[in-house]
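Structure below is entry.cif: mmCIF, C-alpha atoms.
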```cif
data_start
#
loop_
_atom_site.group_PDB
_atom_site.id
_atom_site.type_symbol
_atom_site.label_atom_id
_atom_site.label_comp_id
_atom_site.auth_asym_id
_atom_site.auth_seq_id
_atom_site.Cartn_x
_atom_site.Cartn_y
_atom_site.Cartn_z
ATOM 1 C CA MET A 262 -6.796 34.825 -22.158
ATOM 2 C CA LYS A 263 -3.983 36.952 -23.628
ATOM 3 C CA GLN A 264 -3.096 35.147 -26.820
ATOM 4 C CA PHE A 265 -4.286 37.213 -29.777
ATOM 5 C CA LYS A 266 -3.743 40.659 -31.246
ATOM 6 C CA ASN A 267 -5.793 40.778 -34.458
ATOM 7 C CA ILE A 268 -9.138 38.942 -34.391
ATOM 8 C CA LEU A 269 -11.454 38.381 -37.345
ATOM 9 C CA TYR A 270 -15.149 37.712 -36.713
ATOM 10 C CA VAL A 271 -17.108 36.252 -39.635
ATOM 11 C CA ALA A 272 -20.844 36.913 -39.496
ATOM 12 C CA GLU A 273 -23.271 34.038 -40.034
ATOM 13 C CA ALA A 274 -26.860 35.011 -40.706
ATOM 14 C CA SER A 275 -28.396 31.550 -40.205
ATOM 15 C CA PHE A 276 -29.272 32.265 -36.543
ATOM 16 C CA ALA A 277 -29.033 34.908 -33.823
ATOM 17 C CA GLN A 278 -25.339 35.521 -33.216
ATOM 18 C CA GLY A 279 -25.456 37.929 -30.286
ATOM 19 C CA PRO A 280 -23.717 35.524 -27.837
ATOM 20 C CA ALA A 281 -20.918 34.731 -30.308
ATOM 21 C CA MET A 282 -20.416 38.426 -31.058
ATOM 22 C CA ALA A 283 -20.295 39.224 -27.336
ATOM 23 C CA ARG A 284 -17.664 36.517 -26.815
ATOM 24 C CA ALA A 285 -15.550 37.954 -29.657
ATOM 25 C CA VAL A 286 -15.751 41.482 -28.216
ATOM 26 C CA SER A 287 -14.886 40.266 -24.716
ATOM 27 C CA LEU A 288 -11.926 38.314 -26.082
ATOM 28 C CA ALA A 289 -10.688 41.372 -27.975
ATOM 29 C CA GLU A 290 -10.951 43.468 -24.822
ATOM 30 C CA ASN A 291 -9.125 40.953 -22.664
ATOM 31 C CA ASN A 292 -6.362 40.638 -25.250
ATOM 32 C CA GLN A 293 -6.305 44.364 -26.118
ATOM 33 C CA ALA A 294 -6.660 43.103 -29.681
ATOM 34 C CA ASP A 295 -8.015 44.662 -32.865
ATOM 35 C CA LEU A 296 -11.389 43.273 -33.935
ATOM 36 C CA THR A 297 -12.718 43.197 -37.488
ATOM 37 C CA VAL A 298 -16.226 41.988 -38.356
ATOM 38 C CA VAL A 299 -16.806 40.811 -41.916
ATOM 39 C CA ASP A 300 -19.546 39.304 -44.012
ATOM 40 C CA VAL A 301 -19.271 37.870 -47.515
ATOM 41 C CA VAL A 302 -21.842 38.330 -50.270
ATOM 42 C CA PRO A 303 -21.821 36.270 -53.462
ATOM 43 C CA VAL A 304 -20.942 37.794 -56.806
ATOM 44 C CA ILE A 305 -24.015 38.798 -58.822
ATOM 45 C CA THR A 306 -23.638 36.822 -62.027
ATOM 46 C CA ALA A 307 -25.245 37.472 -65.380
ATOM 47 C CA GLY A 308 -28.810 36.227 -65.542
ATOM 48 C CA ILE A 309 -32.321 37.141 -66.562
ATOM 49 C CA GLY A 310 -30.833 38.984 -69.513
ATOM 50 C CA MET A 311 -28.279 41.003 -67.498
ATOM 51 C CA PRO A 312 -24.798 41.340 -68.983
ATOM 52 C CA PRO A 313 -21.893 40.505 -66.659
ATOM 53 C CA GLY A 314 -20.752 43.630 -64.856
ATOM 54 C CA GLY A 315 -23.458 45.698 -66.503
ATOM 55 C CA PRO A 316 -25.186 48.620 -64.799
ATOM 56 C CA ILE A 317 -28.088 46.550 -63.432
ATOM 57 C CA SER A 318 -25.953 43.780 -61.965
ATOM 58 C CA ALA A 319 -23.540 46.386 -60.555
ATOM 59 C CA GLU A 320 -26.434 48.177 -58.864
ATOM 60 C CA LEU A 321 -27.732 44.931 -57.394
ATOM 61 C CA GLN A 322 -24.270 44.043 -56.135
ATOM 62 C CA SER A 323 -23.887 47.447 -54.525
ATOM 63 C CA ALA A 324 -27.330 47.198 -52.941
ATOM 64 C CA MET A 325 -26.518 43.772 -51.512
ATOM 65 C CA VAL A 326 -23.236 45.038 -50.050
ATOM 66 C CA SER A 327 -24.984 48.070 -48.565
ATOM 67 C CA LYS A 328 -27.697 45.902 -46.992
ATOM 68 C CA ARG A 329 -25.155 43.565 -45.398
ATOM 69 C CA ARG A 330 -23.113 46.487 -44.087
ATOM 70 C CA LYS A 331 -26.182 47.864 -42.317
ATOM 71 C CA GLU A 332 -26.827 44.445 -40.796
ATOM 72 C CA LEU A 333 -23.239 44.325 -39.513
ATOM 73 C CA GLU A 334 -23.586 47.819 -38.077
ATOM 74 C CA SER A 335 -26.681 46.680 -36.171
ATOM 75 C CA LEU A 336 -24.787 43.637 -34.914
ATOM 76 C CA VAL A 337 -21.917 45.671 -33.445
ATOM 77 C CA VAL A 338 -23.936 48.651 -32.165
ATOM 78 C CA PRO A 339 -24.261 47.241 -28.612
ATOM 79 C CA HIS A 340 -20.461 46.935 -28.418
ATOM 80 C CA GLN A 341 -19.133 50.027 -30.191
ATOM 81 C CA LEU A 342 -18.828 52.081 -27.017
ATOM 82 C CA ARG A 343 -16.729 49.326 -25.442
ATOM 83 C CA ARG A 344 -14.289 48.925 -28.287
ATOM 84 C CA GLY A 345 -13.721 50.240 -31.804
ATOM 85 C CA ILE A 346 -14.758 47.565 -34.308
ATOM 86 C CA ARG A 347 -13.881 47.623 -37.994
ATOM 87 C CA ILE A 348 -16.594 46.481 -40.433
ATOM 88 C CA GLU A 349 -16.078 45.162 -43.947
ATOM 89 C CA VAL A 350 -18.257 43.416 -46.526
ATOM 90 C CA LEU A 351 -16.377 41.172 -48.950
ATOM 91 C CA VAL A 352 -17.590 39.923 -52.323
ATOM 92 C CA GLY A 353 -16.922 36.413 -53.590
ATOM 93 C CA GLN A 354 -16.917 32.832 -52.328
ATOM 94 C CA MET A 355 -17.184 32.860 -48.562
ATOM 95 C CA PHE A 356 -14.301 30.664 -47.400
ATOM 96 C CA LEU A 357 -11.922 31.971 -50.086
ATOM 97 C CA GLU A 358 -12.476 35.635 -49.238
ATOM 98 C CA VAL A 359 -12.239 34.983 -45.489
ATOM 99 C CA ILE A 360 -8.935 33.129 -45.808
ATOM 100 C CA ARG A 361 -7.594 35.837 -48.108
ATOM 101 C CA ALA A 362 -8.552 38.424 -45.480
ATOM 102 C CA VAL A 363 -6.662 36.400 -42.856
ATOM 103 C CA LEU A 364 -3.594 36.258 -45.100
ATOM 104 C CA CYS A 365 -3.771 39.907 -46.146
ATOM 105 C CA ASN A 366 -4.358 41.388 -42.689
ATOM 106 C CA ARG A 367 -2.436 38.782 -40.677
ATOM 107 C CA HIS A 368 -5.306 37.903 -38.385
ATOM 108 C CA ASP A 369 -4.222 35.488 -35.657
ATOM 109 C CA LEU A 370 -7.688 34.163 -34.739
ATOM 110 C CA LEU A 371 -10.847 33.572 -36.766
ATOM 111 C CA ILE A 372 -14.178 33.422 -34.906
ATOM 112 C CA LYS A 373 -17.354 32.338 -36.666
ATOM 113 C CA PRO A 374 -20.756 30.987 -35.647
ATOM 114 C CA VAL A 375 -21.287 27.563 -37.192
ATOM 115 C CA GLU A 376 -23.324 27.311 -40.385
ATOM 116 C CA ASN A 377 -25.638 24.896 -38.570
ATOM 117 C CA PRO A 378 -27.205 23.549 -41.788
ATOM 118 C CA ASP A 379 -30.648 22.055 -41.250
ATOM 119 C CA PHE A 380 -30.359 19.424 -43.975
ATOM 120 C CA ILE A 381 -27.547 17.395 -42.364
ATOM 121 C CA GLU A 382 -26.929 16.182 -38.847
ATOM 122 C CA ARG A 383 -23.345 17.322 -38.443
ATOM 123 C CA LEU A 384 -22.856 20.751 -36.918
ATOM 124 C CA PHE A 385 -20.275 22.166 -39.314
ATOM 125 C CA GLY A 386 -21.254 23.098 -42.851
ATOM 126 C CA SER A 387 -19.244 23.230 -46.063
ATOM 127 C CA ASN A 388 -17.649 26.650 -45.524
ATOM 128 C CA ASP A 389 -16.796 25.708 -41.943
ATOM 129 C CA MET A 390 -14.963 22.599 -43.126
ATOM 130 C CA HIS A 391 -13.060 24.567 -45.770
ATOM 131 C CA LEU A 392 -11.942 27.015 -43.075
ATOM 132 C CA LEU A 393 -10.906 24.183 -40.760
ATOM 133 C CA ARG A 394 -8.885 22.593 -43.545
ATOM 134 C CA LYS A 395 -7.240 25.636 -45.093
ATOM 135 C CA CYS A 396 -7.236 28.665 -42.777
ATOM 136 C CA PRO A 397 -3.696 29.222 -41.420
ATOM 137 C CA CYS A 398 -4.726 30.734 -38.064
ATOM 138 C CA PRO A 399 -6.747 29.085 -35.265
ATOM 139 C CA VAL A 400 -10.450 28.762 -36.109
ATOM 140 C CA TRP A 401 -13.038 29.094 -33.343
ATOM 141 C CA LEU A 402 -16.462 27.868 -34.464
ATOM 142 C CA MET A 403 -19.191 28.746 -31.980
ATOM 143 C CA GLY A 404 -22.508 26.993 -31.567
ATOM 144 C CA GLN A 405 -25.933 28.574 -31.545
ATOM 145 C CA ASP A 406 -26.202 28.303 -27.765
ATOM 146 C CA GLU A 407 -22.795 29.868 -27.121
ATOM 147 C CA LYS A 408 -22.337 30.580 -23.405
ATOM 148 C CA SER A 409 -20.809 33.728 -21.977
ATOM 149 C CA ASN A 410 -18.693 31.429 -19.801
ATOM 150 C CA TYR A 411 -17.830 27.811 -20.483
ATOM 151 C CA ALA A 412 -18.221 25.212 -17.727
ATOM 152 C CA HIS A 413 -16.358 22.282 -19.334
ATOM 153 C CA ILE A 414 -13.474 22.407 -21.819
ATOM 154 C CA LEU A 415 -11.995 19.308 -23.441
ATOM 155 C CA ALA A 416 -8.534 19.442 -25.054
ATOM 156 C CA ALA A 417 -7.326 16.539 -27.206
ATOM 157 C CA VAL A 418 -3.563 15.954 -27.478
ATOM 158 C CA ASP A 419 -1.478 13.448 -29.400
ATOM 159 C CA PHE A 420 2.191 12.537 -29.688
ATOM 160 C CA GLU A 421 4.532 10.140 -31.442
ATOM 161 C CA LEU A 422 6.082 7.947 -28.778
ATOM 162 C CA ASP A 423 9.100 7.123 -30.929
ATOM 163 C CA ASN A 424 9.790 10.807 -31.522
ATOM 164 C CA MET A 425 8.772 12.726 -28.424
ATOM 165 C CA PHE A 426 10.888 15.688 -29.485
ATOM 166 C CA ASN A 427 9.086 16.084 -32.808
ATOM 167 C CA THR A 428 9.060 19.885 -33.003
ATOM 168 C CA VAL A 429 5.881 20.101 -35.111
ATOM 169 C CA GLU A 430 3.839 17.902 -32.807
ATOM 170 C CA HIS A 431 5.365 19.420 -29.663
ATOM 171 C CA GLY A 432 4.502 22.902 -30.889
ATOM 172 C CA LEU A 433 0.934 21.881 -31.704
ATOM 173 C CA ASN A 434 0.416 20.342 -28.265
ATOM 174 C CA GLN A 435 1.861 23.464 -26.661
ATOM 175 C CA GLN A 436 -0.625 25.658 -28.530
ATOM 176 C CA ILE A 437 -3.507 23.402 -27.472
ATOM 177 C CA LEU A 438 -2.394 23.473 -23.835
ATOM 178 C CA GLU A 439 -1.905 27.244 -23.822
ATOM 179 C CA LEU A 440 -5.286 28.024 -25.357
ATOM 180 C CA ALA A 441 -7.301 25.475 -23.379
ATOM 181 C CA SER A 442 -5.729 26.320 -20.006
ATOM 182 C CA SER A 443 -5.922 30.074 -20.556
ATOM 183 C CA LEU A 444 -9.590 29.920 -21.499
ATOM 184 C CA ALA A 445 -10.395 27.545 -18.627
ATOM 185 C CA LEU A 446 -8.780 29.944 -16.164
ATOM 186 C CA SER A 447 -10.579 32.996 -17.559
ATOM 187 C CA ASP A 448 -13.964 31.216 -17.623
ATOM 188 C CA PHE A 449 -13.477 29.353 -14.301
ATOM 189 C CA ALA A 450 -14.143 26.178 -16.279
ATOM 190 C CA GLU A 451 -13.181 22.563 -15.692
ATOM 191 C CA LEU A 452 -10.320 21.515 -17.963
ATOM 192 C CA HIS A 453 -10.087 17.952 -19.239
ATOM 193 C CA LEU A 454 -7.183 16.733 -21.361
ATOM 194 C CA VAL A 455 -7.541 13.482 -23.253
ATOM 195 C CA HIS A 456 -5.053 11.314 -25.084
ATOM 196 C CA VAL A 457 -6.252 8.236 -26.968
ATOM 197 C CA TRP A 458 -3.884 5.322 -27.457
ATOM 198 C CA ASP A 459 -3.933 1.836 -28.922
ATOM 199 C CA ALA A 460 -1.751 -1.266 -29.198
ATOM 200 C CA PRO A 461 -1.831 -1.878 -32.969
ATOM 201 C CA ALA A 462 0.482 -4.912 -33.010
ATOM 202 C CA GLU A 463 -1.408 -6.897 -30.344
ATOM 203 C CA MET A 464 -2.806 -9.518 -32.708
ATOM 204 C CA MET A 465 0.559 -10.025 -34.394
ATOM 205 C CA VAL A 466 2.321 -10.376 -31.042
ATOM 206 C CA ARG A 467 -0.241 -12.947 -29.937
ATOM 207 C CA SER A 468 0.040 -14.937 -33.167
ATOM 208 C CA TRP A 469 3.830 -15.218 -32.851
ATOM 209 C CA SER A 470 3.878 -16.182 -29.174
ATOM 210 C CA GLY A 471 3.799 -19.590 -27.557
ATOM 211 C CA ASP A 472 1.734 -18.087 -24.747
ATOM 212 C CA PRO A 473 -0.443 -15.526 -26.547
ATOM 213 C CA ASP A 474 -2.475 -14.392 -23.540
ATOM 214 C CA VAL A 475 0.523 -13.586 -21.346
ATOM 215 C CA THR A 476 2.566 -12.094 -24.168
ATOM 216 C CA GLY A 477 -0.369 -10.110 -25.529
ATOM 217 C CA MET A 478 -1.237 -8.672 -22.126
ATOM 218 C CA ALA A 479 2.405 -7.765 -21.483
ATOM 219 C CA TYR A 480 2.631 -5.974 -24.838
ATOM 220 C CA VAL A 481 -0.603 -4.020 -24.273
ATOM 221 C CA GLU A 482 0.440 -3.001 -20.760
ATOM 222 C CA GLY A 483 3.831 -1.906 -22.054
ATOM 223 C CA GLU A 484 2.161 0.310 -24.647
ATOM 224 C CA ARG A 485 -0.179 1.755 -22.042
ATOM 225 C CA LEU A 486 2.736 2.631 -19.774
ATOM 226 C CA ARG A 487 4.577 4.330 -22.628
ATOM 227 C CA HIS A 488 1.555 6.531 -23.349
ATOM 228 C CA GLU A 489 1.027 7.184 -19.649
ATOM 229 C CA ARG A 490 4.622 8.412 -19.285
ATOM 230 C CA ALA A 491 4.162 10.685 -22.293
ATOM 231 C CA LEU A 492 0.940 12.090 -20.825
ATOM 232 C CA ASN A 493 2.668 12.665 -17.470
ATOM 233 C CA HIS A 494 5.388 14.561 -19.335
ATOM 234 C CA LEU A 495 2.664 16.739 -20.864
ATOM 235 C CA ARG A 496 1.198 17.276 -17.389
ATOM 236 C CA ASP A 497 4.589 18.553 -16.168
ATOM 237 C CA GLN A 498 4.867 20.740 -19.249
ATOM 238 C CA LEU A 499 1.501 22.369 -18.525
ATOM 239 C CA ARG A 500 2.440 22.968 -14.884
ATOM 240 C CA ASN A 501 5.652 24.671 -15.986
ATOM 241 C CA GLN A 502 3.816 26.730 -18.617
ATOM 242 C CA ILE A 503 1.169 28.262 -16.362
ATOM 243 C CA GLY A 504 2.924 28.044 -12.989
ATOM 244 C CA LYS A 505 2.215 25.861 -9.969
ATOM 245 C CA GLU A 506 -0.314 28.244 -8.382
ATOM 246 C CA ALA A 507 -2.466 28.486 -11.521
ATOM 247 C CA TYR A 508 -2.086 24.746 -12.155
ATOM 248 C CA ASP A 509 -3.228 23.856 -8.630
ATOM 249 C CA TYR A 510 -6.187 26.208 -8.943
ATOM 250 C CA LEU A 511 -7.141 24.799 -12.331
ATOM 251 C CA SER A 512 -6.656 21.151 -11.280
ATOM 252 C CA PRO A 513 -6.881 19.797 -14.826
ATOM 253 C CA GLN A 514 -8.080 16.220 -15.243
ATOM 254 C CA PHE A 515 -6.091 13.932 -17.545
ATOM 255 C CA HIS A 516 -7.757 11.044 -19.351
ATOM 256 C CA LEU A 517 -5.915 8.169 -21.007
ATOM 257 C CA HIS A 518 -8.225 5.970 -23.079
ATOM 258 C CA ARG A 519 -7.545 3.045 -25.341
ATOM 259 C CA GLY A 520 -9.455 2.963 -28.602
ATOM 260 C CA ALA A 521 -10.009 4.998 -31.744
ATOM 261 C CA ALA A 522 -9.729 8.752 -31.290
ATOM 262 C CA SER A 523 -12.538 9.246 -33.813
ATOM 263 C CA ARG A 524 -14.880 7.454 -31.414
ATOM 264 C CA VAL A 525 -13.460 8.235 -27.967
ATOM 265 C CA ILE A 526 -13.151 12.020 -28.258
ATOM 266 C CA PRO A 527 -16.755 12.700 -29.420
ATOM 267 C CA GLU A 528 -18.029 10.294 -26.733
ATOM 268 C CA MET A 529 -16.011 12.113 -24.053
ATOM 269 C CA ALA A 530 -17.254 15.497 -25.263
ATOM 270 C CA LYS A 531 -20.810 14.218 -24.898
ATOM 271 C CA GLN A 532 -20.258 12.583 -21.495
ATOM 272 C CA LEU A 533 -18.548 15.668 -20.051
ATOM 273 C CA GLN A 534 -21.132 17.978 -21.629
ATOM 274 C CA ALA A 535 -18.206 19.896 -23.041
ATOM 275 C CA ASP A 536 -18.912 23.443 -24.157
ATOM 276 C CA LEU A 537 -15.716 23.558 -26.198
ATOM 277 C CA VAL A 538 -13.282 21.084 -27.733
ATOM 278 C CA VAL A 539 -9.734 22.295 -28.443
ATOM 279 C CA MET A 540 -7.788 20.138 -30.881
ATOM 280 C CA GLY A 541 -5.344 20.098 -33.763
ATOM 281 C CA THR A 542 -6.854 19.594 -37.195
ATOM 282 C CA VAL A 543 -3.917 18.640 -39.409
ATOM 283 C CA ALA A 544 -2.295 15.217 -39.718
ATOM 284 C CA ARG A 545 0.697 14.839 -37.417
ATOM 285 C CA THR A 546 3.325 15.093 -40.182
ATOM 286 C CA GLY A 547 2.686 18.831 -40.306
ATOM 287 C CA ILE A 548 3.556 19.137 -43.999
ATOM 288 C CA ALA A 549 2.957 22.678 -45.232
ATOM 289 C CA GLY A 550 -0.479 22.892 -46.850
ATOM 290 C CA LEU A 551 -1.474 19.382 -45.765
ATOM 291 C CA PHE A 552 -5.230 19.083 -45.430
ATOM 292 C CA ILE A 553 -7.068 17.984 -42.323
ATOM 293 C CA GLY A 554 -6.334 14.428 -41.196
ATOM 294 C CA ASN A 555 -8.883 11.612 -41.520
ATOM 295 C CA THR A 556 -9.151 11.138 -37.753
ATOM 296 C CA ALA A 557 -9.697 14.847 -37.109
ATOM 297 C CA GLU A 558 -12.364 15.036 -39.813
ATOM 298 C CA ALA A 559 -14.184 12.019 -38.386
ATOM 299 C CA ILE A 560 -14.184 13.689 -34.954
ATOM 300 C CA LEU A 561 -15.506 16.975 -36.328
ATOM 301 C CA GLU A 562 -18.420 15.246 -38.025
ATOM 302 C CA GLN A 563 -19.637 14.012 -34.630
ATOM 303 C CA LEU A 564 -19.151 17.074 -32.412
ATOM 304 C CA GLN A 565 -22.165 19.036 -31.220
ATOM 305 C CA CYS A 566 -20.336 21.751 -29.289
ATOM 306 C CA SER A 567 -18.111 24.722 -30.086
ATOM 307 C CA LEU A 568 -14.665 23.995 -31.470
ATOM 308 C CA LEU A 569 -11.291 25.743 -31.318
ATOM 309 C CA ALA A 570 -9.119 24.196 -34.025
ATOM 310 C CA VAL A 571 -5.357 24.746 -34.173
ATOM 311 C CA LYS A 572 -2.859 24.217 -37.002
ATOM 312 C CA PRO A 573 0.814 23.371 -36.375
ATOM 313 C CA LEU A 574 3.392 26.109 -36.702
ATOM 314 C CA GLY A 575 4.644 26.266 -40.268
ATOM 315 C CA PHE A 576 1.314 25.291 -41.835
ATOM 316 C CA VAL A 577 0.920 27.032 -45.192
ATOM 317 C CA SER A 578 -2.580 27.530 -46.560
ATOM 318 C CA PRO A 579 -3.202 26.270 -50.094
ATOM 319 C CA ILE A 580 -5.264 29.442 -50.643
ATOM 320 C CA LYS A 581 -3.283 32.343 -52.106
ATOM 321 C CA LEU A 582 -4.010 36.052 -52.394
ATOM 322 C CA SER A 583 -3.951 35.781 -56.206
ATOM 323 C CA GLU A 584 -6.681 34.168 -58.289
ATOM 324 C CA GLN A 585 -4.540 31.112 -59.060
ATOM 325 C CA GLU A 586 -5.040 28.929 -56.022
ATOM 326 C CA ALA A 587 -6.057 25.360 -55.291
ATOM 327 C CA THR A 588 -9.443 25.059 -53.610
#
```

Starting from the coordinates I provided, produce the structure as structure tokens.
Amino acid sequence: MKQFKNILYVAEASFAQGPAMARAVSLAENNQADLTVVDVVPVITAGIGMPPGGPISAELQSAMVSKRRKELESLVVPHQLRRGIRIEVLVGQMFLEVIRAVLCNRHDLLIKPVENPDFIERLFGSNDMHLLRKCPCPVWLMGQDEKSNYAHILAAVDFELDNMFNTVEHGLNQQILELASSLALSDFAELHLVHVWDAPAEMMVRSWSGDPDVTGMAYVEGERLRHERALNHLRDQLRNQIGKEAYDYLSPQFHLHRGAASRVIPEMAKQLQADLVVMGTVARTGIAGLFIGNTAEAILEQLQCSLLAVKPLGFVSPIKLSEQEAT
């Protein structure tokens, strides 16, 4: 999987992260990429009579940073002989400091174990969702039971039928195809690609027709065929991207389902026992700085597997390196 050159791994102390760390190291090796491991500690604020920035609070802050650095050193010890790993402890609000690190050091992939909060059912916690919304590079959130090799990968693609040459959407689909196929080949995993479609004007077409059943069925079938042609075009695109030999070996399975993507994609992930879902997480307009789309967010709230989330080219994070940023 040769896609990345500068990987950032964000430590998550809520559970054992050995498998996720091993995956990050292996990915860095396969890509000949730099790997940085960071953790973020909160700012020690004034309290119990301590003045802000005073000697006691400064000592506590330093002690906390030192403790976390030692924990990171223990985490990477099994891998240091395989590859040089840079360690850094940041101070501040977790998602802000991580995104600033991405911007400052031009990381092209962020890997992080999920927060896995116990008090809610959804897998991704608050910091995870902030990263999915605002981090400019791909975000790979790994579950607690991360496997050394995936068996099933599900990639979700979308397109505007009336504008098939939309460069933003085309570029996003291309990224999804590249990442999902490359990882499936390296892990010897099954690759499934899903596109969800609907016929939104069916009821209106039926209400205006003298023969609603025939007209309605004809309209729905016409929409299905349009989406099927678009998916076949994507199939040809993937074959051209990775070459016929790799495509034939991979034998990706394409799924065309009618319904709501927010329901169909999580159901497919569960049925296929997907280890990873690869998908775009910004609304299809691709406006710079635009937050995650409603459909994508609804999907994320239901997933119980690892996620590789991709932004369209040209996405600009609302987080800035200066203190004046929108959160």

* Asked: Taking all atoms listed in the file into account, which of A:Ala283, A:Leu446, A:Leu357, A:Met478 comes nearest A:Pro303?
  ->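 Selected residue with least distance to A:Pro303: A:Leu357.
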
Correct to one decimal, the distance atom CA of A:Phe515-atom CA of A:Leu495 is 9.8 Å

Centre and edges of the stretch 496-506 of chain A box, axis-aligned, 4 Å extra per side, as AutoDock Vina command-line options:
```
--center_x 2.7 --center_y 22.8 --center_z -13.8 --size_x 14.0 --size_y 19.0 --size_z 18.9
```

- Message: I need the output of the PyMOL selection byres ((chain A and resi 458) around 9) for this file as a ChimeraX atom specification; which residues are they?
- Response: /A:419,456-457,459-460,484-485,488,517-522

On this file, the PyMOL selection byres ((chain A and resi 371) around 6) gives some set of residues; write that set as a ChimeraX atom specification.
/A:269-270,370,372,400

Tell me which residues the PyMOL selection byres ((chain A and resi 431-444) around 9) grabs here, as JSON, numbers by chain.
{"A": [262, 263, 264, 411, 414, 415, 416, 417, 418, 419, 420, 425, 426, 427, 428, 429, 430, 445, 446, 447, 448, 449, 450, 452, 454, 495, 498, 499, 502, 503, 508, 511, 513, 538, 539, 540, 541, 569, 570, 571, 572, 573, 574]}

> Looking at A:Val525, A:Leu364, A:Leu333, A:Val286, which one is nearest to A:Ala557, with distances taken over all atoms listed in the file?
Replying inline: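 Comparing A:Val525, A:Leu364, A:Leu333, A:Val286 against A:Ala557, the winner is A:Val525.
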
>> Env of A:Ile346: 8 Å cut, atoms = only C-alpha atoms, seq-sep filter 3 positions within chain, self excluded. Answer as number ranges by chain.
In response: A: 295-298, 337, 341

Exercise for review: Take atom CA of A:Glu358 and atom CA of A:Cys398 and report the distance between them in Å, one decimal.
Suggested key: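 So the two atoms, atom CA of A:Glu358 and atom CA of A:Cys398, lie 14.5 Å apart.
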
Of A:His413, A:Lys266, A:Met355, A:Arg367, the one nearest to A:Leu392 when counting only C-alpha atoms is A:Met355

Rounded to one decimal place, report the atom CA of A:Ser567-atom CA of A:Asp536 distance in Å.
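Computed distance, atom CA of A:Ser567 to atom CA of A:Asp536, equals 6.1 Å.
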
- Measuring atom to atom with all atoms listed in the file, identify which of A:Ile580, A:Leu422, A:Val304, A:Met325 is nearest to A:Gly353.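 Selected residue with least distance to A:Gly353: A:Val304.
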
Extract, using all atoms listed in the file, all DNA, RNA and protein residues at most 10 Å from A:Ser409, discarding same-chain residues fewer than 2 positions from it, and format them as a list in words.
Pro280, Ala281, Ala283, Arg284, Ser287, Asp406, Glu407, Tyr411, Ala412 and Asp448 of chain A

One residue among A:Ile268, A:Ala324, A:Leu351, A:Ala462 is nearest to A:Asp369 when using only C-alpha atoms, and that residue is A:Ile268

Which residue out of A:Ser275, A:Ser323, A:Ser523, A:His340 has the minimum interatomic distance to A:Glu290 when only C-alpha atoms are used?
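When distances to A:Glu290 are compared using only C-alpha atoms, the smallest one comes from A:His340.
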